[in-house]
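Report on the following structure.
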Amino acid sequence: MITVTEEAKELFLNVEHPEGTILRLDPVIDQDTGETQIGLAAGEPRGGDQVVEYDGESLLHIAAPVSEALDGSTLNVVDTSEGPAIGIGIPEDKPLTDDSPLTDDS
């Protein structure tokens with residue numbers, strides 16, 4: 001399970017998406033490199049999603065492969081030169097490796 005800080009939840013509140021959709025974190029294949037990355041996009045809920053709520057409302061759905069690969073990690077706010085952004089803090093005892101299960105079998 002991925003932990004999402006209150007500050008990160010508040011940042012997700014500002015992400016616009018079409019009515020009737022939810023924000024999703026899904027595995028995405030980079031077309032140039034073939035590497036699997038994590039993407040944020042509007043979409044539909046899926047079975048097995050980790051659901052993040054804010055004030056009792058569904059705020060973010062994290063695809064099961066992402067939640068499993070980043071189990072124990074924390075989504076938090078980081079300061080960048082372009083303003084606040086979402087960062088992923090990965091526990092030191094669980095480094096992300098090339099064989100981490102970031103594939104979407106759904």
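Scheme for the structure tokens: letters A, B, ... for chains in order shown; per-chain residue numbers from 1; ligand numbers from 1 in order shown.
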Name the residues of chain A that fall into strand (DSSP E) according to DSSP on the backbone, using the chain letters and numbers of this document, as a ChimeraX atom specification. /A:3-4,22-29,36-43,50-54,57-62,74-80,83-89
Could you write those residues out with C-alpha atoms, as a tab-separated table (two decimals), in the first residue's frame?
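And here's part.tsv as it stands now:
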```
chain	number	residue	atom	x	y	z
A	3	THR	CA	0.73	6.25	1.77
A	4	VAL	CA	-0.39	9.67	0.49
A	22	ILE	CA	-11.25	9.87	-11.40
A	23	LEU	CA	-7.52	10.55	-11.17
A	24	ARG	CA	-5.43	7.43	-11.71
A	25	LEU	CA	-1.79	6.47	-11.24
A	26	ASP	CA	-1.11	3.81	-13.86
A	27	PRO	CA	1.93	2.10	-15.38
A	28	VAL	CA	2.82	3.73	-18.70
A	29	ILE	CA	5.33	2.44	-21.28
A	36	THR	CA	7.75	1.45	-17.60
A	37	GLN	CA	6.97	4.69	-15.80
A	38	ILE	CA	4.10	5.95	-13.67
A	39	GLY	CA	1.58	8.30	-15.22
A	40	LEU	CA	-1.21	10.43	-13.78
A	41	ALA	CA	-4.34	10.68	-15.91
A	42	ALA	CA	-8.12	10.82	-15.73
A	43	GLY	CA	-9.84	7.48	-16.13
A	50	GLN	CA	-5.88	1.23	-4.16
A	51	VAL	CA	-8.39	4.00	-3.44
A	52	VAL	CA	-7.17	7.19	-1.75
A	53	GLU	CA	-9.89	9.29	-0.14
A	54	TYR	CA	-9.98	12.89	1.02
A	57	GLU	CA	-14.53	11.33	-1.24
A	58	SER	CA	-12.55	9.23	-3.71
A	59	LEU	CA	-9.56	11.36	-4.74
A	60	LEU	CA	-7.10	9.04	-6.47
A	61	HIS	CA	-7.04	5.45	-7.70
A	62	ILE	CA	-3.67	3.72	-7.82
A	74	THR	CA	4.89	7.62	0.30
A	75	LEU	CA	3.53	10.16	-2.16
A	76	ASN	CA	4.43	13.59	-0.85
A	77	VAL	CA	4.88	17.18	-2.03
A	78	VAL	CA	8.34	18.25	-3.15
A	79	ASP	CA	9.47	21.75	-4.05
A	80	THR	CA	10.79	22.19	-7.57
A	83	GLY	CA	6.56	24.92	-8.02
A	84	PRO	CA	5.19	22.11	-5.88
A	85	ALA	CA	5.06	18.63	-7.39
A	86	ILE	CA	4.35	15.07	-6.28
A	87	GLY	CA	7.34	13.01	-5.20
A	88	ILE	CA	7.62	9.33	-4.32
A	89	GLY	CA	9.57	8.40	-1.22
```
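Counting from CA of Ile2 in chain A, the distance to CA of Ile90 in chain A is 9.6 Å.
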Can you check which residues of range 11-75 of chain A DSSP gives as helix (DSSP H, G or I) on the backbone and send them as a ChimeraX atom specification? /A:11-13,64-69
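From CA of Glu35 in chain A back to CA of Pro91 in chain A, the distance works out to 21.6 Å.
The spacing separating CA of Gly72 in chain A from CA of Glu92 in chain A amounts to 10.0 Å.
Among A:Asp49, A:Glu44, A:Thr5, A:Thr33, the residue with the shortest atom-to-atom distance to Glu19 in chain A, counting only C-alpha atoms, is A:Glu44.
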